[in-house]
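Novice: Compact mmCIF, C-alpha atoms, file input.txt:
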```
# COMPACT_ATOMS: atom_id res chain seq x y z
CA MET W 1 -90.94 133.76 -94.62
CA ARG W 2 -88.29 131.16 -95.35
CA GLU W 3 -85.96 132.68 -92.72
CA GLY W 4 -88.72 132.55 -90.07
CA LEU W 5 -89.38 128.87 -90.82
CA GLY W 6 -85.65 128.06 -90.45
CA VAL W 7 -85.48 129.80 -87.09
CA ARG W 8 -88.58 127.95 -85.90
CA LEU W 9 -87.22 124.58 -87.12
CA ARG W 10 -83.90 125.16 -85.36
CA GLY W 11 -85.79 126.05 -82.19
CA LEU W 12 -87.90 122.90 -82.50
CA VAL W 13 -84.79 120.72 -83.02
CA LEU W 14 -83.06 122.31 -80.01
CA SER W 15 -86.18 121.85 -77.87
CA LEU W 16 -86.48 118.21 -78.93
CA GLY W 17 -82.79 117.65 -78.16
CA PHE W 18 -83.17 119.11 -74.66
CA LEU W 19 -86.30 117.03 -74.07
CA LEU W 20 -84.56 113.80 -75.08
CA ALA W 21 -81.52 114.65 -72.96
CA ALA W 22 -83.79 115.20 -69.96
CA CYS W 23 -85.51 111.82 -70.38
CA SER W 24 -84.16 109.16 -68.08
CA LEU W 25 -85.26 105.92 -66.53
CA THR W 26 -84.12 104.35 -63.28
CA VAL W 27 -83.96 100.56 -62.95
CA THR W 28 -82.95 98.52 -59.92
CA VAL W 29 -80.31 95.83 -60.30
CA PRO W 30 -80.13 93.41 -57.34
CA LEU W 31 -76.57 92.33 -56.52
CA PRO W 32 -75.55 89.10 -54.82
CA ASP W 33 -74.43 89.25 -51.19
CA GLN W 34 -70.68 89.80 -50.96
CA THR W 35 -68.53 88.57 -48.05
CA PHE W 36 -65.08 89.96 -47.28
CA GLY W 37 -62.58 88.95 -44.60
CA PHE W 38 -60.47 91.82 -43.26
CA GLN W 39 -57.99 92.46 -40.50
CA ALA W 40 -55.91 95.47 -39.51
CA LEU W 41 -52.26 94.57 -39.90
CA PRO W 42 -49.38 96.85 -38.82
CA ASP W 43 -48.26 97.62 -42.38
CA THR W 44 -51.73 98.24 -43.84
CA GLN W 45 -52.55 101.53 -42.10
CA GLY W 46 -53.51 104.16 -44.66
CA LYS W 47 -53.84 101.49 -47.38
CA ILE W 48 -56.95 100.25 -49.12
CA LEU W 49 -57.71 96.55 -48.65
CA TYR W 50 -59.28 94.95 -51.72
CA PRO W 51 -60.54 91.36 -51.65
CA LYS W 52 -58.93 89.10 -54.23
CA ASP W 53 -62.30 88.45 -55.84
CA PRO W 54 -64.32 91.24 -57.46
CA VAL W 55 -67.99 91.98 -56.97
CA SER W 56 -69.39 90.17 -60.05
CA PHE W 57 -72.89 89.98 -61.53
CA SER W 58 -74.73 90.20 -64.83
CA PRO W 59 -74.49 93.80 -66.06
CA PRO W 60 -77.67 95.72 -66.89
CA PRO W 61 -78.79 95.52 -70.53
CA VAL W 62 -78.39 99.29 -70.95
CA SER W 63 -75.50 101.66 -70.36
CA PRO W 64 -75.89 103.53 -67.05
CA ARG W 65 -75.52 107.27 -66.73
CA ASN W 66 -75.49 107.20 -62.92
CA VAL W 67 -75.51 104.52 -60.22
CA VAL W 68 -76.27 104.57 -56.50
CA LEU W 69 -75.67 101.32 -54.63
CA GLU W 70 -77.44 100.78 -51.31
CA GLY W 71 -77.30 97.87 -48.92
CA THR W 72 -76.56 96.81 -45.37
CA LEU W 73 -73.05 96.03 -44.21
CA GLU W 74 -72.99 93.34 -41.53
CA ALA W 75 -69.90 92.61 -39.44
CA SER W 76 -69.06 89.40 -37.60
CA GLN W 77 -68.70 91.49 -34.43
CA SER W 78 -69.92 94.84 -33.13
CA LEU W 79 -67.83 97.75 -34.38
CA ASN W 80 -67.54 101.36 -33.32
CA THR W 81 -65.94 102.97 -36.35
CA SER W 82 -66.53 104.49 -39.76
CA LEU W 83 -65.14 102.61 -42.74
CA THR W 84 -64.41 104.40 -46.02
CA PHE W 85 -65.02 102.40 -49.19
CA TYR W 86 -63.26 102.65 -52.54
CA VAL W 87 -64.01 101.24 -55.98
CA ARG W 88 -61.31 100.08 -58.41
CA LEU W 89 -62.02 98.75 -61.90
CA GLY W 90 -58.77 96.88 -62.54
CA ASP W 91 -57.62 93.74 -60.75
CA PRO W 92 -55.36 94.77 -57.84
CA LYS W 93 -53.11 91.77 -58.44
CA ASP W 94 -51.95 93.45 -61.67
CA ALA W 95 -51.14 96.79 -60.01
CA SER W 96 -47.61 97.71 -58.93
CA ASP W 97 -48.95 99.70 -55.95
CA CYS W 98 -50.70 96.62 -54.46
CA ARG W 99 -49.28 93.68 -52.59
CA ASP W 100 -50.74 90.31 -51.73
CA LEU W 101 -51.32 90.09 -47.98
CA GLU W 102 -51.35 86.25 -47.99
CA ILE W 103 -52.55 86.21 -44.35
CA ILE W 104 -56.00 87.23 -45.52
CA PRO W 105 -57.41 86.92 -49.07
CA ALA W 106 -56.82 90.57 -49.92
CA TYR W 107 -54.44 93.07 -51.46
CA ALA W 108 -53.15 96.19 -49.71
CA CYS W 109 -52.96 99.11 -52.14
CA SER W 110 -51.69 102.64 -51.85
CA ILE W 111 -54.38 105.19 -52.70
CA GLY W 112 -53.90 106.16 -56.32
CA PRO W 113 -55.76 107.60 -59.31
CA GLU W 114 -57.51 104.29 -60.03
CA ASP W 115 -59.12 104.31 -56.57
CA GLU W 116 -62.28 106.32 -56.10
CA GLY W 117 -63.73 107.04 -52.67
CA SER W 118 -67.33 105.93 -53.03
CA GLY W 119 -68.96 105.96 -49.60
CA GLU W 120 -68.77 105.30 -45.90
CA ALA W 121 -70.39 102.95 -43.38
CA SER W 122 -70.65 104.15 -39.78
CA PHE W 123 -70.96 101.51 -37.08
CA ASN W 124 -72.11 102.72 -33.64
CA ASN W 125 -71.31 99.78 -31.32
CA SER W 126 -73.32 97.68 -33.72
CA PRO W 127 -72.71 94.72 -36.03
CA SER W 128 -74.51 96.41 -38.95
CA ALA W 129 -74.58 99.72 -40.76
CA PRO W 130 -76.27 101.12 -43.87
CA LEU W 131 -73.98 101.63 -46.84
CA THR W 132 -74.53 103.92 -49.82
CA LEU W 133 -71.97 104.05 -52.63
CA ARG W 134 -71.76 106.28 -55.70
CA GLY W 135 -69.22 107.55 -58.21
CA GLY W 136 -67.83 107.19 -61.70
CA ASN W 137 -65.91 103.96 -61.03
CA LEU W 138 -69.02 102.39 -59.53
CA THR W 139 -71.09 103.42 -62.56
CA GLN W 140 -68.49 101.94 -64.91
CA GLY W 141 -68.20 98.79 -62.78
CA ILE W 142 -71.96 98.26 -62.86
CA ALA W 143 -71.89 98.69 -66.64
CA GLN W 144 -69.13 96.02 -66.90
CA GLY W 145 -70.65 93.65 -64.34
CA ARG W 146 -67.47 93.66 -62.25
CA PHE W 147 -65.54 95.91 -59.86
CA TRP W 148 -63.39 95.63 -56.74
CA LEU W 149 -64.83 97.09 -53.56
CA GLY W 150 -62.19 97.92 -50.99
CA LEU W 151 -62.00 99.71 -47.69
CA LYS W 152 -59.43 101.89 -45.99
CA ALA W 153 -57.71 99.84 -43.31
CA GLU W 154 -58.27 102.41 -40.56
CA GLY W 155 -60.71 101.57 -37.80
CA LEU W 156 -60.58 97.79 -38.27
CA PRO W 157 -59.95 95.60 -35.23
CA SER W 158 -56.64 93.72 -34.98
CA SER W 159 -58.58 90.45 -34.98
CA ALA W 160 -60.13 89.18 -38.19
CA VAL W 161 -63.57 90.56 -39.02
CA THR W 162 -65.91 89.35 -41.72
CA LEU W 163 -68.02 91.97 -43.48
CA THR W 164 -71.02 91.00 -45.61
CA LEU W 165 -72.76 93.38 -47.95
CA LYS W 166 -76.38 92.21 -47.87
CA ASP W 167 -79.46 93.12 -49.84
CA ALA W 168 -77.43 95.35 -52.13
CA LYS W 169 -79.31 97.02 -54.93
CA ALA W 170 -77.93 99.33 -57.56
CA ARG W 171 -80.28 102.08 -58.70
CA VAL W 172 -79.16 102.56 -62.27
CA THR W 173 -80.20 105.70 -64.13
CA VAL W 174 -80.08 105.46 -67.90
CA GLY W 175 -80.71 108.28 -70.33
CA PHE W 176 -82.14 108.36 -73.81
```
Any chance you could put this one into structure tokens?
Specialist:
Amino acid sequence: MREGLGVRLRGLVLSLGFLLAACSLTVTVPLPDQTFGFQALPDTQGKILYPKDPVSFSPPPVSPRNVVLEGTLEASQSLNTSLTFYVRLGDPKDASDCRDLEIIPAYACSIGPEDEGSGEASFNNSPSAPLTLRGGNLTQGIAQGRFWLGLKAEGLPSSAVTLTLKDAKARVTVGF
């Protein structure tokens, strides 16, 4: 009888553990609009351009398990290209693979292990495109309240373009 009770208790504990692991809650964290000035320069092809200032906000009060960021990317002119976005947690100014562009307020960085491809915005002869970002760096950045959002310098016009991430909201999933 004692052995049967032990087996049942272990089963109950395992079941409770699986139930708690499956419990999650999703909260929405609104992010402030972010504006970035970019320009394709001859020596930036294949590099990631990170603005000097990070995306900053008050972090959520709980630790996220997963994050999906959605918003609208608006350009100062119509574009016909797809832009690939990356998230970096550390300040690019401190990285040996990044250099200050000085012409625009950005750093040009070689793609490395600290850069995570997080999403893409496709413009079809339009000044705006939906943007959805996800990934481990983004989740960590949301938890910290700060991350650098950069884009691959391919497909940008040679003239300066201003991109604004508007109405961005992070859907943050937390687990118990």
Novice: How many Å lie between atom CA of Trp148 of chain W and atom CA of Ser56 of chain W, rounded to one decimal?
Specialist: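 Spanning atom CA of Trp148 of chain W to atom CA of Ser56 of chain W is a straight-line distance of 8.8 Å.
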Novice: Please produce, as JSON lines, a per-residue contact table for segment 103-150 of chain W versus segment 75-87 of chain W (criterion: any atom at most 7 Å away, only C-alpha atoms considered), showing the nearest atom pair and its distance in Å to one decimal, sorted by chain then residue number.
Specialist:
```
{"residue": "W:Asp115", "atom": "CA", "partner": "W:Val87", "partner_atom": "CA", "distance": 5.8}
{"residue": "W:Glu116", "atom": "CA", "partner": "W:Tyr86", "partner_atom": "CA", "distance": 5.2}
{"residue": "W:Gly117", "atom": "CA", "partner": "W:Tyr86", "partner_atom": "CA", "distance": 4.4}
{"residue": "W:Ser118", "atom": "CA", "partner": "W:Tyr86", "partner_atom": "CA", "distance": 5.3}
{"residue": "W:Gly119", "atom": "CA", "partner": "W:Phe85", "partner_atom": "CA", "distance": 5.3}
{"residue": "W:Glu120", "atom": "CA", "partner": "W:Thr84", "partner_atom": "CA", "distance": 4.5}
{"residue": "W:Ala121", "atom": "CA", "partner": "W:Leu83", "partner_atom": "CA", "distance": 5.3}
{"residue": "W:Ser122", "atom": "CA", "partner": "W:Ser82", "partner_atom": "CA", "distance": 4.1}
{"residue": "W:Phe123", "atom": "CA", "partner": "W:Asn80", "partner_atom": "CA", "distance": 5.1}
{"residue": "W:Asn124", "atom": "CA", "partner": "W:Asn80", "partner_atom": "CA", "distance": 4.8}
{"residue": "W:Asn125", "atom": "CA", "partner": "W:Asn80", "partner_atom": "CA", "distance": 4.6}
{"residue": "W:Ser126", "atom": "CA", "partner": "W:Ser78", "partner_atom": "CA", "distance": 4.5}
{"residue": "W:Pro127", "atom": "CA", "partner": "W:Ser78", "partner_atom": "CA", "distance": 4.0}
{"residue": "W:Ser128", "atom": "CA", "partner": "W:Ala75", "partner_atom": "CA", "distance": 6.0}
{"residue": "W:Asn137", "atom": "CA", "partner": "W:Val87", "partner_atom": "CA", "distance": 6.0}
{"residue": "W:Leu138", "atom": "CA", "partner": "W:Val87", "partner_atom": "CA", "distance": 6.2}
{"residue": "W:Phe147", "atom": "CA", "partner": "W:Val87", "partner_atom": "CA", "distance": 6.8}
{"residue": "W:Trp148", "atom": "CA", "partner": "W:Val87", "partner_atom": "CA", "distance": 5.7}
{"residue": "W:Leu149", "atom": "CA", "partner": "W:Val87", "partner_atom": "CA", "distance": 4.9}
{"residue": "W:Gly150", "atom": "CA", "partner": "W:Tyr86", "partner_atom": "CA", "distance": 5.1}
```
Novice: Give me a file of those residues, with C-alpha atoms, as a compact mmCIF listing (two decimals), in the frame of the given file.
Specialist:
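Written output follows (selection_20.txt):
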```txt
# COMPACT_ATOMS: atom_id res chain seq x y z
CA ASP W 115 -59.12 104.31 -56.57
CA GLU W 116 -62.28 106.32 -56.10
CA GLY W 117 -63.73 107.04 -52.67
CA SER W 118 -67.33 105.93 -53.03
CA GLY W 119 -68.96 105.96 -49.60
CA GLU W 120 -68.77 105.30 -45.90
CA ALA W 121 -70.39 102.95 -43.38
CA SER W 122 -70.65 104.15 -39.78
CA PHE W 123 -70.96 101.51 -37.08
CA ASN W 124 -72.11 102.72 -33.64
CA ASN W 125 -71.31 99.78 -31.32
CA SER W 126 -73.32 97.68 -33.72
CA PRO W 127 -72.71 94.72 -36.03
CA SER W 128 -74.51 96.41 -38.95
CA ASN W 137 -65.91 103.96 -61.03
CA LEU W 138 -69.02 102.39 -59.53
CA PHE W 147 -65.54 95.91 -59.86
CA TRP W 148 -63.39 95.63 -56.74
CA LEU W 149 -64.83 97.09 -53.56
CA GLY W 150 -62.19 97.92 -50.99
```
Novice: Give the answer as one residue: which of W:Leu133, W:Pro54, W:Ala95, W:Gly155 has the shortest atom-to-atom distance to Leu69 of chain W, using all atoms listed in the file?
Specialist: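 Comparing W:Leu133, W:Pro54, W:Ala95, W:Gly155 against Leu69 of chain W, the winner is W:Leu133.
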Novice: Using only C-alpha atoms, which protein or nucleic acid residues come within 7 Å of Leu165 of chain W? Drop anything in the same chain fewer than 4 positions from it, and give the result as number ranges by chain.
Specialist: W: 33-35, 71-74
Novice: Quick one: of W:Pro130, W:Pro64, W:Gly46, W:Pro30, who's nearest to Ala143 of chain W, counting all atoms listed in the file?
Specialist: W:Pro64
Novice: At most 6 Å from (-58.0, 93.6, -50.5), file frame, all atoms listed in the file: which residues, as a list in words?
Specialist: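 Residues close enough to count: Leu49, Tyr50, Pro51, Lys52, Ala106, Tyr107 and Ala108 of chain W.
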Novice: Between W:Gln39, W:Ser158, W:Ser110, W:Thr173, which one has atoms that come closest to Cys98 of chain W, using all atoms listed in the file?
Specialist: W:Ser110
Novice: Have a look at W:Ile48, W:Leu41, W:Ile142, W:Leu131 and name the one nearest to Asp167 of chain W; count all atoms listed in the file.
Specialist: W:Leu131
Novice: What is the atom CA of Asp94 of chain W-atom CA of Gln144 of chain W distance in Å, reported with one decimal?
Specialist: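 We find that atom CA of Asp94 of chain W and atom CA of Gln144 of chain W lie 18.1 Å from each other.
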Novice: Tell me which of W:Pro42, W:Gly175, W:Pro32, W:Pro113 sits closest to Val55 of chain W, counting only C-alpha atoms.
Specialist: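 Between W:Pro42, W:Gly175, W:Pro32, W:Pro113, the residue approaching Val55 of chain W most closely is W:Pro32.
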Novice: Show which residues sit within 10 Å of Arg171 of chain W, as a VMD selection string. Count all atoms listed in the file, and ignore same-chain residues fewer than 2 positions away.
Specialist: chain W and resid 26 to 30 64 66 to 70 134 168 to 169 173 to 174
Novice: Smallest atom-to-atom distance to Ala129 of chain W: which of W:Thr164, W:Gln45, W:Ser24, W:Ser58, using all atoms listed in the file?
Specialist: W:Thr164
Novice: To one decimal place, how far is atom CA of Gly145 of chain W from atom CA of Ala40 of chain W in Å?
Specialist: 28.9 Å
